[in-house]
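Raw contents of upload-v3.tsv, TSV, C-alpha atoms (C1' of nucleotides):
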```tsv
chain	number	residue	atom	x	y	z
A	30	MET	CA	0.00	0.00	0.00
A	31	LYS	CA	1.53	3.22	-1.15
A	32	GLY	CA	0.38	6.79	-0.71
A	33	ALA	CA	-3.30	7.28	0.01
A	34	GLY	CA	-3.97	3.78	-1.29
A	35	GLY	CA	-5.54	2.56	1.91
A	36	ASN	CA	-8.20	5.24	1.91
A	37	ALA	CA	-8.66	5.69	-1.79
A	38	ASP	CA	-11.99	3.84	-2.06
A	39	ARG	CA	-13.49	5.81	0.74
A	40	VAL	CA	-12.05	9.12	-0.46
A	41	TRP	CA	-13.42	8.54	-3.92
A	42	GLN	CA	-16.83	7.55	-2.55
A	43	LEU	CA	-16.97	10.74	-0.51
A	44	LEU	CA	-15.79	12.92	-3.39
A	45	VAL	CA	-18.61	11.53	-5.52
A	46	LYS	CA	-21.07	12.04	-2.70
A	47	VAL	CA	-20.02	15.67	-2.22
A	48	TYR	CA	-20.24	16.26	-5.94
A	49	PHE	CA	-23.73	14.77	-6.30
A	50	ALA	CA	-25.06	16.41	-3.16
A	51	GLN	CA	-24.10	19.86	-4.38
A	52	ARG	CA	-24.94	19.30	-7.98
A	53	GLY	CA	-28.64	18.89	-7.41
A	54	GLN	CA	-28.89	22.21	-5.64
A	55	LEU	CA	-27.12	24.32	-8.22
A	56	PRO	CA	-29.94	24.66	-10.76
A	57	ALA	CA	-32.27	26.29	-8.25
A	58	GLU	CA	-29.64	28.98	-7.71
A	59	ALA	CA	-29.04	29.50	-11.39
A	60	GLY	CA	-32.54	29.83	-12.76
A	61	ASP	CA	-33.05	26.40	-14.22
A	62	LEU	CA	-29.63	25.75	-15.69
A	63	SER	CA	-28.46	22.15	-15.64
A	64	PRO	CA	-25.66	21.18	-13.26
A	65	VAL	CA	-23.17	20.90	-16.10
A	66	GLN	CA	-24.18	24.31	-17.41
A	67	CYS	CA	-23.49	25.66	-13.93
A	68	HIS	CA	-20.04	24.09	-13.99
A	69	VAL	CA	-19.30	25.66	-17.35
A	70	LEU	CA	-20.29	29.06	-15.99
A	71	HIS	CA	-18.02	28.46	-13.05
A	72	LEU	CA	-15.12	27.42	-15.28
A	73	ILE	CA	-15.25	30.49	-17.48
A	74	GLU	CA	-13.88	33.19	-15.22
A	75	PRO	CA	-14.84	36.75	-16.10
A	76	GLY	CA	-11.97	38.52	-17.82
A	77	ARG	CA	-10.35	35.18	-18.59
A	78	PRO	CA	-11.85	34.04	-21.88
A	79	MET	CA	-11.08	30.47	-22.85
A	80	ALA	CA	-10.97	28.45	-26.05
A	81	MET	CA	-13.63	25.80	-26.57
A	82	SER	CA	-10.97	23.12	-26.74
A	83	ARG	CA	-9.73	24.10	-23.30
A	84	LEU	CA	-13.25	23.80	-21.93
A	85	ALA	CA	-13.52	20.30	-23.37
A	86	GLU	CA	-10.28	19.52	-21.60
A	87	ALA	CA	-11.51	20.93	-18.29
A	88	LEU	CA	-14.69	18.86	-18.52
A	89	ALA	CA	-12.75	15.82	-19.72
A	90	CYS	CA	-15.26	15.35	-22.50
A	91	ASP	CA	-15.31	15.18	-26.28
A	92	ALA	CA	-15.15	18.45	-28.20
A	93	SER	CA	-18.42	17.70	-29.98
A	94	ASN	CA	-20.13	17.85	-26.64
A	95	VAL	CA	-19.01	21.40	-26.00
A	96	THR	CA	-20.73	22.67	-29.14
A	97	GLY	CA	-24.19	21.83	-27.82
A	98	LEU	CA	-23.33	22.91	-24.30
A	99	ILE	CA	-22.31	26.36	-25.49
A	100	ASP	CA	-25.21	26.54	-27.97
A	101	ARG	CA	-27.62	26.26	-25.07
A	102	LEU	CA	-25.80	28.76	-22.88
A	103	GLU	CA	-25.46	31.17	-25.79
A	104	SER	CA	-29.16	30.93	-26.63
A	105	ARG	CA	-29.85	31.97	-23.05
A	106	GLY	CA	-27.56	34.94	-23.52
A	107	LEU	CA	-25.08	33.85	-20.85
A	108	VAL	CA	-22.02	33.08	-22.96
A	109	GLN	CA	-20.52	34.49	-26.17
A	110	ARG	CA	-18.33	32.96	-28.85
A	111	ARG	CA	-15.72	35.12	-30.60
A	112	GLN	CA	-13.09	34.38	-33.19
A	113	SER	CA	-9.57	34.21	-31.88
A	114	PRO	CA	-7.42	36.88	-33.51
A	115	ASP	CA	-4.42	34.51	-33.54
A	116	ASP	CA	-5.93	31.37	-35.05
A	117	ARG	CA	-9.04	31.54	-37.14
A	118	ARG	CA	-10.01	27.98	-36.27
A	119	VAL	CA	-10.25	28.78	-32.57
A	120	LYS	CA	-13.32	30.19	-30.85
A	121	ILE	CA	-12.96	32.03	-27.58
A	122	LEU	CA	-15.65	31.86	-24.92
A	123	ASP	CA	-16.57	34.71	-22.67
A	124	LEU	CA	-19.37	35.46	-20.25
A	125	THR	CA	-21.96	38.08	-21.09
A	126	PRO	CA	-22.94	40.53	-18.35
A	127	ALA	CA	-25.97	38.33	-17.67
A	128	GLY	CA	-23.69	35.29	-17.50
A	129	SER	CA	-21.41	37.05	-15.03
A	130	ARG	CA	-24.38	37.83	-12.84
A	131	VAL	CA	-25.53	34.21	-12.77
A	132	ARG	CA	-21.97	33.11	-12.08
A	133	ALA	CA	-21.71	35.53	-9.17
A	134	ARG	CA	-24.95	34.16	-7.74
A	135	LEU	CA	-23.64	30.61	-8.05
A	136	MET	CA	-20.40	31.50	-6.35
A	137	ARG	CA	-22.15	33.25	-3.52
A	138	TYR	CA	-24.23	30.12	-3.08
A	139	VAL	CA	-21.15	27.88	-3.04
A	140	ARG	CA	-19.45	30.20	-0.60
A	141	GLU	CA	-22.32	30.61	1.80
A	142	GLU	CA	-25.46	29.18	3.20
A	143	PRO	CA	-26.55	25.66	2.50
A	144	LEU	CA	-23.15	24.57	1.29
A	145	PRO	CA	-21.33	21.99	3.35
A	146	LEU	CA	-18.16	23.94	2.59
A	147	SER	CA	-19.17	26.45	5.23
A	148	ARG	CA	-18.83	23.69	7.79
A	149	LEU	CA	-15.07	23.74	7.40
A	150	SER	CA	-12.83	25.94	9.44
A	151	ALA	CA	-10.52	28.36	7.67
A	152	ARG	CA	-7.61	26.05	8.41
A	153	GLU	CA	-9.38	22.98	7.05
A	154	GLY	CA	-10.30	24.98	3.97
A	155	ARG	CA	-6.67	25.83	3.33
A	156	ILE	CA	-5.52	22.25	3.82
A	157	LEU	CA	-8.26	20.84	1.59
A	158	LEU	CA	-7.35	23.35	-1.09
A	159	LYS	CA	-3.68	22.37	-0.96
A	160	ILE	CA	-4.47	18.68	-1.21
A	161	LEU	CA	-6.88	19.15	-4.10
A	162	GLU	CA	-4.31	21.21	-5.95
A	163	ARG	CA	-1.79	18.42	-5.66
A	164	LEU	CA	-4.47	15.95	-6.73
A	165	VAL	CA	-5.26	17.93	-9.83
A	166	GLY	CA	-1.68	18.91	-10.52
A	167	ASP	CA	-2.78	22.50	-10.70
B	28	MET	CA	-15.94	35.62	5.77
B	29	LYS	CA	-16.54	32.61	7.90
B	30	GLY	CA	-15.13	29.12	7.77
B	31	ALA	CA	-13.75	28.03	4.44
B	32	GLY	CA	-15.64	30.85	2.78
B	33	GLY	CA	-12.54	32.45	1.38
B	34	ASN	CA	-11.51	29.34	-0.50
B	35	ALA	CA	-14.90	27.87	-1.23
B	36	ASP	CA	-15.02	28.86	-4.91
B	37	ARG	CA	-11.64	27.39	-5.58
B	38	VAL	CA	-12.30	24.28	-3.52
B	39	TRP	CA	-15.52	23.66	-5.39
B	40	GLN	CA	-13.86	24.22	-8.74
B	41	LEU	CA	-11.18	21.67	-7.87
B	42	LEU	CA	-13.69	19.16	-6.54
B	43	VAL	CA	-15.54	19.35	-9.84
B	44	LYS	CA	-12.29	19.05	-11.73
B	45	VAL	CA	-11.25	15.96	-9.79
B	46	TYR	CA	-14.65	14.42	-10.30
B	47	PHE	CA	-14.70	15.01	-14.05
B	48	ALA	CA	-11.09	13.93	-14.52
B	49	GLN	CA	-11.71	10.56	-12.89
B	50	ARG	CA	-15.15	10.03	-14.26
B	51	GLY	CA	-13.99	9.75	-17.84
B	52	GLN	CA	-11.56	6.99	-17.00
B	53	LEU	CA	-13.94	4.73	-15.12
B	54	PRO	CA	-15.79	3.20	-18.09
B	55	ALA	CA	-12.61	1.74	-19.58
B	56	GLU	CA	-12.05	-0.11	-16.31
B	57	ALA	CA	-15.59	-1.36	-16.09
B	58	GLY	CA	-16.20	-2.73	-19.56
B	59	ASP	CA	-18.20	0.06	-21.08
B	60	LEU	CA	-20.37	1.05	-18.14
B	61	SER	CA	-21.22	4.72	-17.90
B	62	PRO	CA	-19.68	6.82	-15.15
B	63	VAL	CA	-22.95	6.94	-13.22
B	64	GLN	CA	-23.35	3.19	-13.52
B	65	CYS	CA	-19.86	2.87	-12.03
B	66	HIS	CA	-20.88	5.08	-9.14
B	67	VAL	CA	-23.94	2.96	-8.51
B	68	LEU	CA	-21.78	-0.15	-8.42
B	69	HIS	CA	-19.49	1.60	-5.98
B	70	LEU	CA	-22.38	2.68	-3.78
B	71	ILE	CA	-23.87	-0.79	-3.43
B	72	GLU	CA	-21.43	-2.53	-1.15
B	73	PRO	CA	-21.39	-6.32	-1.29
B	74	GLY	CA	-23.28	-7.79	1.65
B	75	ARG	CA	-24.96	-4.46	2.26
B	76	PRO	CA	-28.07	-4.48	0.07
B	77	MET	CA	-29.85	-1.15	-0.20
B	78	ALA	CA	-33.36	0.03	-1.04
B	79	MET	CA	-33.88	1.85	-4.31
B	80	SER	CA	-35.06	4.92	-2.46
B	81	ARG	CA	-31.78	5.04	-0.57
B	82	LEU	CA	-29.86	4.92	-3.82
B	83	ALA	CA	-31.88	7.85	-5.13
B	84	GLU	CA	-30.94	9.68	-1.97
B	85	ALA	CA	-27.25	8.85	-2.35
B	86	LEU	CA	-27.29	10.09	-5.93
B	87	ALA	CA	-29.39	13.11	-4.99
B	88	CYS	CA	-31.70	12.39	-7.89
B	89	ASP	CA	-35.36	11.63	-8.47
B	90	ALA	CA	-36.61	8.11	-7.77
B	91	SER	CA	-37.86	7.74	-11.34
B	92	ASN	CA	-34.30	8.02	-12.50
B	93	VAL	CA	-33.18	5.03	-10.47
B	94	THR	CA	-35.62	2.73	-12.24
B	95	GLY	CA	-33.85	3.12	-15.57
B	96	LEU	CA	-30.42	3.09	-14.00
B	97	ILE	CA	-31.09	-0.26	-12.34
B	98	ASP	CA	-32.89	-1.61	-15.41
B	99	ARG	CA	-29.70	-1.17	-17.39
B	100	LEU	CA	-27.44	-2.66	-14.73
B	101	GLU	CA	-29.83	-5.56	-14.21
B	102	SER	CA	-29.98	-6.31	-17.93
B	103	ARG	CA	-26.20	-6.63	-17.83
B	104	GLY	CA	-26.50	-9.04	-14.95
B	105	LEU	CA	-24.61	-6.86	-12.49
B	106	VAL	CA	-27.37	-5.98	-10.04
B	107	GLN	CA	-30.48	-7.75	-8.71
B	108	ARG	CA	-33.78	-6.47	-7.35
B	109	ARG	CA	-35.52	-8.36	-4.58
B	110	GLN	CA	-38.65	-7.71	-2.59
B	111	SER	CA	-38.11	-6.48	0.92
B	112	PRO	CA	-39.58	-8.93	3.43
B	113	ASP	CA	-40.62	-6.06	5.71
B	114	ASP	CA	-42.39	-3.75	3.28
B	115	ARG	CA	-43.78	-5.05	0.05
B	116	ARG	CA	-43.45	-1.66	-1.64
B	117	VAL	CA	-39.70	-1.64	-1.17
B	118	LYS	CA	-37.19	-3.23	-3.52
B	119	ILE	CA	-33.75	-4.13	-2.26
B	120	LEU	CA	-30.72	-3.92	-4.52
B	121	ASP	CA	-27.81	-6.28	-4.38
B	122	LEU	CA	-24.80	-7.02	-6.54
B	123	THR	CA	-24.62	-10.26	-8.47
B	124	PRO	CA	-21.31	-12.15	-8.41
B	125	ALA	CA	-20.51	-10.53	-11.77
B	126	GLY	CA	-21.37	-7.12	-10.32
B	127	SER	CA	-19.08	-7.73	-7.37
B	128	ARG	CA	-16.25	-8.59	-9.72
B	129	VAL	CA	-16.70	-5.39	-11.73
B	130	ARG	CA	-16.89	-3.43	-8.50
B	131	ALA	CA	-13.67	-4.98	-7.25
B	132	ARG	CA	-11.96	-4.04	-10.51
B	133	LEU	CA	-13.19	-0.47	-10.18
B	134	MET	CA	-11.97	-0.22	-6.63
B	135	ARG	CA	-8.59	-1.59	-7.52
B	136	TYR	CA	-8.39	1.03	-10.24
B	137	VAL	CA	-9.35	3.83	-7.89
B	138	ARG	CA	-6.84	2.57	-5.35
B	139	GLU	CA	-3.95	2.16	-7.73
B	140	GLU	CA	-2.44	3.16	-10.98
B	141	PRO	CA	-3.57	6.14	-12.98
B	142	LEU	CA	-5.51	7.71	-10.15
B	143	PRO	CA	-4.32	11.06	-8.87
B	144	LEU	CA	-5.13	9.76	-5.41
B	145	SER	CA	-1.88	7.83	-5.48
B	146	ARG	CA	-0.06	11.15	-5.55
B	147	LEU	CA	-1.06	11.79	-1.97
B	148	SER	CA	0.99	10.66	0.97
B	149	ALA	CA	-0.62	8.44	3.57
B	150	ARG	CA	-0.88	11.44	5.87
B	151	GLU	CA	-2.53	13.61	3.24
B	152	GLY	CA	-4.94	10.78	2.49
B	153	ARG	CA	-5.99	10.59	6.12
B	154	ILE	CA	-6.45	14.35	6.38
B	155	LEU	CA	-8.44	14.52	3.15
B	156	LEU	CA	-10.65	11.70	4.35
B	157	LYS	CA	-11.33	13.46	7.64
B	158	ILE	CA	-12.22	16.70	5.93
B	159	LEU	CA	-14.52	15.02	3.41
B	160	GLU	CA	-16.29	13.17	6.19
B	161	ARG	CA	-17.02	16.45	7.91
B	162	LEU	CA	-18.13	17.91	4.60
B	163	VAL	CA	-20.58	15.09	4.01
B	164	GLY	CA	-21.59	14.78	7.64
B	165	ASP	CA	-20.85	11.11	7.44
C	12	DT	C1'	-53.41	9.74	3.20
C	13	DA	C1'	-48.53	9.01	2.40
C	14	DT	C1'	-44.80	6.31	0.36
C	15	DT	C1'	-42.24	3.10	-3.08
C	16	DG	C1'	-41.48	2.24	-7.32
C	17	DT	C1'	-42.90	2.45	-12.34
C	18	DT	C1'	-44.24	4.53	-16.82
C	19	DA	C1'	-44.49	8.18	-20.26
C	20	DT	C1'	-42.52	12.26	-21.86
C	21	DA	C1'	-39.30	15.73	-22.91
C	22	DC	C1'	-34.93	17.55	-22.30
C	23	DT	C1'	-29.90	17.53	-21.52
C	24	DC	C1'	-25.48	15.14	-21.64
C	25	DT	C1'	-22.23	12.29	-24.01
C	26	DA	C1'	-19.26	9.76	-27.44
C	27	DT	C1'	-18.44	8.28	-32.30
C	28	DA	C1'	-17.88	9.24	-36.96
C	29	DA	C1'	-17.81	12.23	-40.85
C	30	DC	C1'	-17.26	16.91	-42.25
C	31	DT	C1'	-15.40	22.03	-43.02
C	32	DA	C1'	-12.15	25.46	-42.42
C	33	DT	C1'	-7.80	26.63	-41.08
C	34	DA	C1'	-2.95	25.79	-39.89
D	15	DT	C1'	-1.12	16.29	-42.41
D	16	DA	C1'	-2.96	17.84	-38.16
D	17	DT	C1'	-6.10	20.67	-35.36
D	18	DA	C1'	-10.62	23.43	-33.90
D	19	DG	C1'	-15.04	23.25	-34.20
D	20	DT	C1'	-19.58	21.52	-36.18
D	21	DT	C1'	-23.21	18.20	-37.53
D	22	DA	C1'	-25.75	13.92	-37.32
D	23	DT	C1'	-26.81	10.13	-34.70
D	24	DA	C1'	-27.65	7.08	-30.96
D	25	DG	C1'	-27.79	6.09	-26.28
D	26	DA	C1'	-27.61	7.40	-21.32
D	27	DG	C1'	-28.95	10.60	-17.56
D	28	DT	C1'	-32.46	13.56	-15.55
D	29	DA	C1'	-36.86	15.78	-13.74
D	30	DT	C1'	-41.98	16.17	-13.96
D	31	DA	C1'	-46.38	14.32	-13.77
D	32	DA	C1'	-49.57	10.59	-13.45
D	33	DC	C1'	-50.19	5.97	-11.86
D	34	DA	C1'	-50.43	1.20	-9.14
D	35	DA	C1'	-49.57	-1.20	-5.06
D	36	DT	C1'	-48.84	-1.06	-0.36
D	37	DA	C1'	-48.61	1.04	4.16
```

Conversion result in structure tokens:
Amino acid sequence: MKGAGGNADRVWQLLVKVYFAQRGQLPAEAGDLSPVQCHVLHLIEPGRPMAMSRLAEALACDASNVTGLIDRLESRGLVQRRQSPDDRRVKILDLTPAGSRVRARLMRYVREEPLPLSRLSAREGRILLKILERLVGD
Amino acid sequence: MKGAGGNADRVWQLLVKVYFAQRGQLPAEAGDLSPVQCHVLHLIEPGRPMAMSRLAEALACDASNVTGLIDRLESRGLVQRRQSPDDRRVKILDLTPAGSRVRARLMRYVREEPLPLSRLSAREGRILLKILERLVGD
DNA sequence: TATTGTTATACTCTATAACTATA
DNA sequence: TATAGTTATAGAGTATAACAATA
């Protein structure tokens, strides 16, 4: 048994549980967006536009999936596509003002009230963050 | 700012990232099951049969969803439904021998090789586990 | 009356394969 | 040739509403 091997099953089970528990509550905060749409909004940080291919990478999904995902968010007026000036194949994603507002609401929700994350002390929060960063190699 | 409030956005972003990163790799280990089907297999522990309603709870999804989920796993011979002796409305889920084998393979995968969890030291694993347990209230 | 599970329905999510435009 | 994104397609996940059986 090396590293976290002994606890890995349990850790993974809890990570999934945390993810599912939160996921179901996001749409109510975001006016009927799906959980994945909420994640996309969270991943696109305002002022930090991102290529569609990078979003596919962040979601660990096929690029073809991102097309429909962004179609739906764009039709709601929350996200915009623009051409990249550097490479005319690339499309850059950015939040609209409306998208930024929904994102802010989501983040306030994650930060505050019903979220289990508020159960953690500041110290635990810092430690968890550090561990997750190592986990993600980020 | 109280508790982990200051880091909550980032923590949540990383939790989602970890979840998505792993999710995509599960099906290859489990012979073409979907990620959610893998989670279901992980949630039903051998020798610990569970009511369908409890599974819906664990997945934080509607009960109607579980019907189809279990239909698909049952048609692959991985899970079984039985009547509860106590309450004839309730159906109890249990793994078949084949289901237990797939589950064991999944758990070995999570415990070992390509999983980021192996990057953590034993100490970090213990700390992460403790924090997640508090997060989930488990 | 309330609860467990199912069915029908309508979306969304997702991967695969084939395509276009650009590099 | 290789890459970014799209389209078409098929299947899985998901919630809502209406229902049957049981409590």

Can I get the residues of chain B within 12 Å of chain C, each with the closest pair of atoms and their distance in Å to one decimal, using all atoms listed in the file, sorted chain first then ascending number, as JSON lines?
```
{"residue": "B:Gly51", "atom": "CA", "partner": "C:DT25", "partner_atom": "C1'", "distance": 10.6}
{"residue": "B:Pro54", "atom": "CA", "partner": "C:DA26", "partner_atom": "C1'", "distance": 11.9}
{"residue": "B:Asp59", "atom": "CA", "partner": "C:DA26", "partner_atom": "C1'", "distance": 11.6}
{"residue": "B:Ser61", "atom": "CA", "partner": "C:DT25", "partner_atom": "C1'", "distance": 9.8}
{"residue": "B:Pro62", "atom": "CA", "partner": "C:DT25", "partner_atom": "C1'", "distance": 10.7}
{"residue": "B:Ala78", "atom": "CA", "partner": "C:DT15", "partner_atom": "C1'", "distance": 9.6}
{"residue": "B:Met79", "atom": "CA", "partner": "C:DG16", "partner_atom": "C1'", "distance": 8.2}
{"residue": "B:Ser80", "atom": "CA", "partner": "C:DT15", "partner_atom": "C1'", "distance": 7.4}
{"residue": "B:Arg81", "atom": "CA", "partner": "C:DT15", "partner_atom": "C1'", "distance": 10.9}
{"residue": "B:Ala83", "atom": "CA", "partner": "C:DG16", "partner_atom": "C1'", "distance": 11.3}
{"residue": "B:Asp89", "atom": "CA", "partner": "C:DG16", "partner_atom": "C1'", "distance": 11.3}
{"residue": "B:Ala90", "atom": "CA", "partner": "C:DG16", "partner_atom": "C1'", "distance": 7.6}
{"residue": "B:Ser91", "atom": "CA", "partner": "C:DT17", "partner_atom": "C1'", "distance": 7.4}
{"residue": "B:Asn92", "atom": "CA", "partner": "C:DT17", "partner_atom": "C1'", "distance": 10.2}
{"residue": "B:Val93", "atom": "CA", "partner": "C:DG16", "partner_atom": "C1'", "distance": 9.3}
{"residue": "B:Thr94", "atom": "CA", "partner": "C:DT17", "partner_atom": "C1'", "distance": 7.3}
{"residue": "B:Gly95", "atom": "CA", "partner": "C:DT17", "partner_atom": "C1'", "distance": 9.6}
{"residue": "B:Ile97", "atom": "CA", "partner": "C:DG16", "partner_atom": "C1'", "distance": 11.8}
{"residue": "B:Asp98", "atom": "CA", "partner": "C:DT17", "partner_atom": "C1'", "distance": 11.2}
{"residue": "B:Arg108", "atom": "CA", "partner": "C:DG16", "partner_atom": "C1'", "distance": 11.6}
{"residue": "B:Gln110", "atom": "CA", "partner": "C:DG16", "partner_atom": "C1'", "distance": 11.4}
{"residue": "B:Ser111", "atom": "CA", "partner": "C:DT15", "partner_atom": "C1'", "distance": 11.2}
{"residue": "B:Asp114", "atom": "CA", "partner": "C:DT15", "partner_atom": "C1'", "distance": 9.3}
{"residue": "B:Arg115", "atom": "CA", "partner": "C:DT15", "partner_atom": "C1'", "distance": 8.9}
{"residue": "B:Arg116", "atom": "CA", "partner": "C:DT15", "partner_atom": "C1'", "distance": 5.1}
{"residue": "B:Val117", "atom": "CA", "partner": "C:DT15", "partner_atom": "C1'", "distance": 5.7}
{"residue": "B:Lys118", "atom": "CA", "partner": "C:DG16", "partner_atom": "C1'", "distance": 7.9}
{"residue": "B:Ile119", "atom": "CA", "partner": "C:DT15", "partner_atom": "C1'", "distance": 11.2}
```

Could those selected residues go to a file with C-alpha atoms, as an mmCIF file, in the frame of the given file?
```
data_model
loop_
_atom_site.group_PDB
_atom_site.id
_atom_site.type_symbol
_atom_site.label_atom_id
_atom_site.label_comp_id
_atom_site.auth_asym_id
_atom_site.auth_seq_id
_atom_site.Cartn_x
_atom_site.Cartn_y
_atom_site.Cartn_z
ATOM 1 C CA GLY B 51 -13.990 9.750 -17.840
ATOM 2 C CA PRO B 54 -15.790 3.200 -18.090
ATOM 3 C CA ASP B 59 -18.200 0.060 -21.080
ATOM 4 C CA SER B 61 -21.220 4.720 -17.900
ATOM 5 C CA PRO B 62 -19.680 6.820 -15.150
ATOM 6 C CA ALA B 78 -33.360 0.030 -1.040
ATOM 7 C CA MET B 79 -33.880 1.850 -4.310
ATOM 8 C CA SER B 80 -35.060 4.920 -2.460
ATOM 9 C CA ARG B 81 -31.780 5.040 -0.570
ATOM 10 C CA ALA B 83 -31.880 7.850 -5.130
ATOM 11 C CA ASP B 89 -35.360 11.630 -8.470
ATOM 12 C CA ALA B 90 -36.610 8.110 -7.770
ATOM 13 C CA SER B 91 -37.860 7.740 -11.340
ATOM 14 C CA ASN B 92 -34.300 8.020 -12.500
ATOM 15 C CA VAL B 93 -33.180 5.030 -10.470
ATOM 16 C CA THR B 94 -35.620 2.730 -12.240
ATOM 17 C CA GLY B 95 -33.850 3.120 -15.570
ATOM 18 C CA ILE B 97 -31.090 -0.260 -12.340
ATOM 19 C CA ASP B 98 -32.890 -1.610 -15.410
ATOM 20 C CA ARG B 108 -33.780 -6.470 -7.350
ATOM 21 C CA GLN B 110 -38.650 -7.710 -2.590
ATOM 22 C CA SER B 111 -38.110 -6.480 0.920
ATOM 23 C CA ASP B 114 -42.390 -3.750 3.280
ATOM 24 C CA ARG B 115 -43.780 -5.050 0.050
ATOM 25 C CA ARG B 116 -43.450 -1.660 -1.640
ATOM 26 C CA VAL B 117 -39.700 -1.640 -1.170
ATOM 27 C CA LYS B 118 -37.190 -3.230 -3.520
ATOM 28 C CA ILE B 119 -33.750 -4.130 -2.260
#
```

Counting all atoms listed in the file, collect the residues of chain D whose closest atom lies at most 9 Å from chain A, and write them out as an NGL selection string. :D and (17-21)

Since we have the selection now, will you write its residues out, keeping C-alpha atoms (C1' of nucleotides), as a PDB file, keeping the file's coordinate frame?
```
ATOM      1  C1'  DT D  17      -6.100  20.670 -35.360  1.00  0.00           C
ATOM      2  C1'  DA D  18     -10.620  23.430 -33.900  1.00  0.00           C
ATOM      3  C1'  DG D  19     -15.040  23.250 -34.200  1.00  0.00           C
ATOM      4  C1'  DT D  20     -19.580  21.520 -36.180  1.00  0.00           C
ATOM      5  C1'  DT D  21     -23.210  18.200 -37.530  1.00  0.00           C
TER       6       DT D  21
END
```

Sorted by chain and rising residue number, list the residues of chain B at most 8 Å from chain A (counting all atoms listed in the file), each with its closest atom pair and distance in Å to one decimal, as a Markdown table.
```
| residue | atom | partner | partner_atom | distance |
| --- | --- | --- | --- | --- |
| B:Lys29 | CA | A:Ser147 | CA | 7.2 |
| B:Gly30 | CA | A:Ser150 | CA | 4.3 |
| B:Ala31 | CA | A:Ala151 | CA | 4.6 |
| B:Gly32 | CA | A:Arg140 | CA | 5.1 |
| B:Gly33 | CA | A:Arg140 | CA | 7.5 |
| B:Asn34 | CA | A:Gly154 | CA | 6.4 |
| B:Ala35 | CA | A:Arg140 | CA | 5.2 |
| B:Asp36 | CA | A:Met136 | CA | 6.2 |
| B:Arg37 | CA | A:Leu158 | CA | 7.4 |
| B:Val38 | CA | A:Leu158 | CA | 5.6 |
| B:Trp39 | CA | A:Val139 | CA | 7.4 |
| B:Gln40 | CA | A:His71 | CA | 7.3 |
| B:Leu41 | CA | A:Leu161 | CA | 6.2 |
| B:Leu42 | CA | A:Tyr48 | CA | 7.2 |
| B:Val43 | CA | A:Tyr48 | CA | 6.8 |
| B:Lys44 | CA | A:Ala87 | CA | 6.9 |
| B:Val45 | CA | A:Val165 | CA | 6.3 |
| B:Tyr46 | CA | A:Val45 | CA | 6.8 |
| B:Phe47 | CA | A:Leu88 | CA | 5.9 |
| B:Ala48 | CA | A:Ala89 | CA | 5.8 |
| B:Gly51 | CA | A:Ala89 | CA | 6.5 |
| B:His66 | CA | A:Val45 | CA | 7.7 |
| B:His69 | CA | A:Gln42 | CA | 7.4 |
| B:Leu70 | CA | A:Gln42 | CA | 7.5 |
| B:Ala85 | CA | A:Lys46 | CA | 7.0 |
| B:Leu86 | CA | A:Phe49 | CA | 5.9 |
| B:Ala87 | CA | A:Ala50 | CA | 5.7 |
| B:Cys88 | CA | A:Gly53 | CA | 7.2 |
| B:Met134 | CA | A:Asp38 | CA | 6.1 |
| B:Val137 | CA | A:Asp38 | CA | 6.4 |
| B:Arg138 | CA | A:Ala37 | CA | 5.1 |
| B:Glu139 | CA | A:Gly34 | CA | 6.6 |
| B:Pro143 | CA | A:Leu164 | CA | 5.3 |
| B:Leu144 | CA | A:Ala33 | CA | 6.2 |
| B:Ser145 | CA | A:Gly32 | CA | 5.4 |
| B:Arg146 | CA | A:Gly32 | CA | 6.5 |
| B:Leu147 | CA | A:Gly32 | CA | 5.4 |
| B:Ser148 | CA | A:Gly32 | CA | 4.3 |
| B:Ala149 | CA | A:Ala33 | CA | 4.6 |
| B:Arg150 | CA | A:Ala33 | CA | 7.6 |
| B:Glu151 | CA | A:Ile160 | CA | 7.0 |
| B:Gly152 | CA | A:Ala33 | CA | 4.6 |
| B:Arg153 | CA | A:Asn36 | CA | 7.2 |
| B:Leu155 | CA | A:Leu157 | CA | 6.5 |
| B:Leu156 | CA | A:Val40 | CA | 5.6 |
| B:Ile158 | CA | A:Glu153 | CA | 7.0 |
| B:Leu159 | CA | A:Leu43 | CA | 6.3 |
| B:Glu160 | CA | A:Leu43 | CA | 7.2 |
| B:Arg161 | CA | A:Arg148 | CA | 7.5 |
| B:Leu162 | CA | A:Pro145 | CA | 5.3 |
| B:Val163 | CA | A:Val47 | CA | 6.3 |
```

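Across the structure, atom CA of Leu122 of chain B and atom CA of Leu68 of chain B are spaced 7.7 Å apart.
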
Computed gap from atom CA of Glu103 of chain A to atom CA of Leu84 of chain A is 14.8 Å

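One finds atom C1' of DA35 of chain D at 22.3 Å from atom CA of Pro76 of chain B.
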
Padding 5 Å on each side, edges along x, y and z: where is the centre of the box around the listed atoms of segment 26-30 of chain D, and how long are its edges in Å to one decimal? Output it as AutoDock Vina command-line options.
```
--center_x -34.8 --center_y 11.8 --center_z -17.5 --size_x 24.4 --size_y 18.8 --size_z 17.6
```
